[in-house]
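Take a look at the structure below.
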Amino acid sequence: MPATRPHVERDAKAAEILDAAEPMLLRDGYEATTMAAIARAAGVSPNAVYWYFPGKDELLAAVLRRRHERAFARHDERGEISMAERAQDALRQIDELGELAVTIHERAKHSPVLAEVHEQFHADLERRGREGFEAGGLDPEQARLATDALIAMVEGIHLHDEERDPAGRDELVMWAIARFLDGA
């Protein structure tokens with residue numbers, strides 16, 4: 001059994017666990033990824049994982065928060081970007097999650113911690129979408145409607161289209177953005 005390393009600071013150890021968990025969750029999915037496997041990959045005892053993350057939902061939520069923070073930090077570093085670029089960034093994030101995105105939607109119905117992360121992600125997407133559409137010339141109400149329509153379209157495709165053709169989805173999203181902005 002891997003030993004714990006008490007000399008490593010709490011944040012650093014939590015980050016090590018997240019570093020081990022993230023690729024496993026993305027590759028193997030929620031159900032197939034066990035806390036014991038994450039502990040082995042992180043080089044800590046299973047009890048150490050549970051010390052930092054009381055359950056798998058809390059661990060997944062922490063992975064998602066970190067991914068979210070990193071993605072939006074990269075976005076902020078780029079400064080002003082077009083609505084199309086904003087959408088492409090969001091689509092990449094969803095694609096990187098793969099099947100885990102469907103799991104998040106399902107588990108958020110029963111897991112308060114995942115519901116909170118999902119709601120925060122949506123709130124950030126909505127805010128950034130409105131900002132992008134307003135920068136493209138839409139008034140605030142039209143920007144809200146365009147953002148809501150875009151999010152509904154992407155979620156509908158991602159959650160209900162088993163084929164999930166990213167190129168076709170991206171083409172549809174770029175077409176919709178162009179149509180919304182043509183009315184500005």
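Every chain in the structure tokens takes a letter, A first, then B, and so on in the order presented; its residues are numbered from 1, and the ligands are numbered from 1 following the presented order.
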
Range 77-179 of chain A near range 46-62 of chain A within 9 Å: what's each residue's closest atom pair and its distance in Å to one decimal, counting only C-alpha atoms, ordered by chain then ascending residue number, as JSON lines?
{"residue": "A:Ile104", "atom": "CA", "partner": "A:Leu60", "partner_atom": "CA", "distance": 8.8}
{"residue": "A:Arg107", "atom": "CA", "partner": "A:Asp57", "partner_atom": "CA", "distance": 8.3}
{"residue": "A:Ser111", "atom": "CA", "partner": "A:Asp57", "partner_atom": "CA", "distance": 7.2}
{"residue": "A:Val113", "atom": "CA", "partner": "A:Glu58", "partner_atom": "CA", "distance": 6.4}
{"residue": "A:Leu114", "atom": "CA", "partner": "A:Ala61", "partner_atom": "CA", "distance": 5.6}
{"residue": "A:Glu116", "atom": "CA", "partner": "A:Ala61", "partner_atom": "CA", "distance": 8.6}
{"residue": "A:Val117", "atom": "CA", "partner": "A:Ala61", "partner_atom": "CA", "distance": 6.3}
{"residue": "A:His118", "atom": "CA", "partner": "A:Ala61", "partner_atom": "CA", "distance": 8.8}

Could you turn the residues from that selection into a file that holds N, CA and C atoms, as a compact mmCIF listing (two decimals), in the first residue's frame?
# COMPACT_ATOMS: atom_id res chain seq x y z
N ILE A 104 -21.67 14.22 -15.92
CA ILE A 104 -21.83 15.40 -15.06
C ILE A 104 -23.29 15.85 -15.06
N ARG A 107 -25.28 13.18 -13.02
CA ARG A 107 -24.97 13.16 -11.59
C ARG A 107 -25.36 14.47 -10.91
N SER A 111 -26.35 15.13 -7.06
CA SER A 111 -25.16 15.51 -6.31
C SER A 111 -25.08 17.03 -6.19
N VAL A 113 -22.80 18.93 -4.98
CA VAL A 113 -21.49 19.49 -5.31
C VAL A 113 -21.30 19.54 -6.83
N LEU A 114 -21.77 18.54 -7.56
CA LEU A 114 -21.65 18.58 -9.02
C LEU A 114 -22.66 19.55 -9.62
N GLU A 116 -23.57 22.31 -8.26
CA GLU A 116 -22.98 23.63 -8.06
C GLU A 116 -21.92 23.93 -9.12
N VAL A 117 -21.06 22.97 -9.40
CA VAL A 117 -20.01 23.17 -10.42
C VAL A 117 -20.65 23.37 -11.79
N HIS A 118 -21.64 22.57 -12.10
CA HIS A 118 -22.32 22.67 -13.39
C HIS A 118 -23.00 24.03 -13.53

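Residue neighbourhood of range 92-96 of chain A, excluding near-sequence residues (fewer than 3 positions): Leu26, Arg27, Arg67, His68, Ala71, Ala87, Gln88, Asp89, Glu99, Leu100, Ala101, Val102, Val154, Glu155, His158, Arg164, Pro166 and Asp170 of chain A, at 10 Å, using only C-alpha atoms.
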
The selected residues should be written to file as a compact mmCIF listing (two decimals), in the first residue's frame (atoms: N, CA and C atoms).
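New file out07.txt:
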# COMPACT_ATOMS: atom_id res chain seq x y z
N LEU A 26 -10.96 11.41 -17.36
CA LEU A 26 -11.16 11.73 -18.78
C LEU A 26 -11.04 10.50 -19.66
N ARG A 27 -10.09 9.65 -19.35
CA ARG A 27 -9.83 8.47 -20.17
C ARG A 27 -10.83 7.35 -19.89
N ARG A 67 -10.14 22.65 -13.96
CA ARG A 67 -10.15 22.76 -15.43
C ARG A 67 -10.83 24.06 -15.86
N HIS A 68 -11.93 24.35 -15.21
CA HIS A 68 -12.71 25.55 -15.51
C HIS A 68 -11.86 26.80 -15.26
N ALA A 71 -9.07 27.05 -17.89
CA ALA A 71 -9.56 27.40 -19.22
C ALA A 71 -9.93 28.88 -19.29
N ALA A 87 -16.74 30.72 -28.47
CA ALA A 87 -17.49 29.48 -28.66
C ALA A 87 -16.55 28.31 -28.91
N GLN A 88 -15.53 28.52 -29.73
CA GLN A 88 -14.58 27.44 -30.01
C GLN A 88 -13.87 27.00 -28.74
N ASP A 89 -13.51 27.94 -27.87
CA ASP A 89 -12.89 27.59 -26.58
C ASP A 89 -13.83 26.73 -25.75
N GLU A 99 -17.34 11.80 -22.75
CA GLU A 99 -18.50 11.20 -22.10
C GLU A 99 -18.70 11.70 -20.68
N LEU A 100 -17.65 12.23 -20.08
CA LEU A 100 -17.76 12.75 -18.72
C LEU A 100 -18.77 13.90 -18.65
N ALA A 101 -18.94 14.64 -19.75
CA ALA A 101 -19.91 15.73 -19.76
C ALA A 101 -21.33 15.20 -19.55
N VAL A 102 -21.64 14.08 -20.17
CA VAL A 102 -22.96 13.46 -19.99
C VAL A 102 -23.11 13.00 -18.55
N VAL A 154 -25.91 23.55 -28.29
CA VAL A 154 -24.73 22.73 -28.02
C VAL A 154 -25.06 21.61 -27.04
N GLU A 155 -25.78 21.93 -25.97
CA GLU A 155 -26.14 20.88 -25.01
C GLU A 155 -27.02 19.83 -25.66
N HIS A 158 -24.82 17.69 -27.82
CA HIS A 158 -23.87 16.88 -27.05
C HIS A 158 -24.56 15.80 -26.23
N ARG A 164 -22.12 12.56 -32.08
CA ARG A 164 -21.36 13.74 -31.64
C ARG A 164 -20.27 14.14 -32.64
N PRO A 166 -18.09 16.47 -33.96
CA PRO A 166 -17.62 17.81 -33.58
C PRO A 166 -17.53 18.78 -34.74
N ASP A 170 -19.58 22.16 -34.78
CA ASP A 170 -18.86 23.43 -34.86
C ASP A 170 -19.36 24.27 -36.03

Under the rule that only C-alpha atoms are counted, which of A:Gly136, A:Gly98, A:Pro23, A:Gly29 is the nearest residue to Asp165 in chain A?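 For Asp165 in chain A, the nearest of the candidates is A:Gly98.
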
Given only C-alpha atoms as the counted atoms, nearest of A:Arg65, A:Arg179, A:His110, A:Arg40 to Met24 in chain A: A:Arg40

What does the distance between CA of Ile17 in chain A and CA of Arg78 in chain A come to in Å, to one decimal place? 29.1 Å

One-decimal distance in Å that lies between CA of Arg169 in chain A and CA of Glu85 in chain A: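 Those two atoms sit 14.6 Å apart.
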
In terms of only C-alpha atoms, the residue from A:Arg128, A:Leu172, A:Thr103, A:Ala178 at minimal distance from Glu31 in chain A is A:Thr103
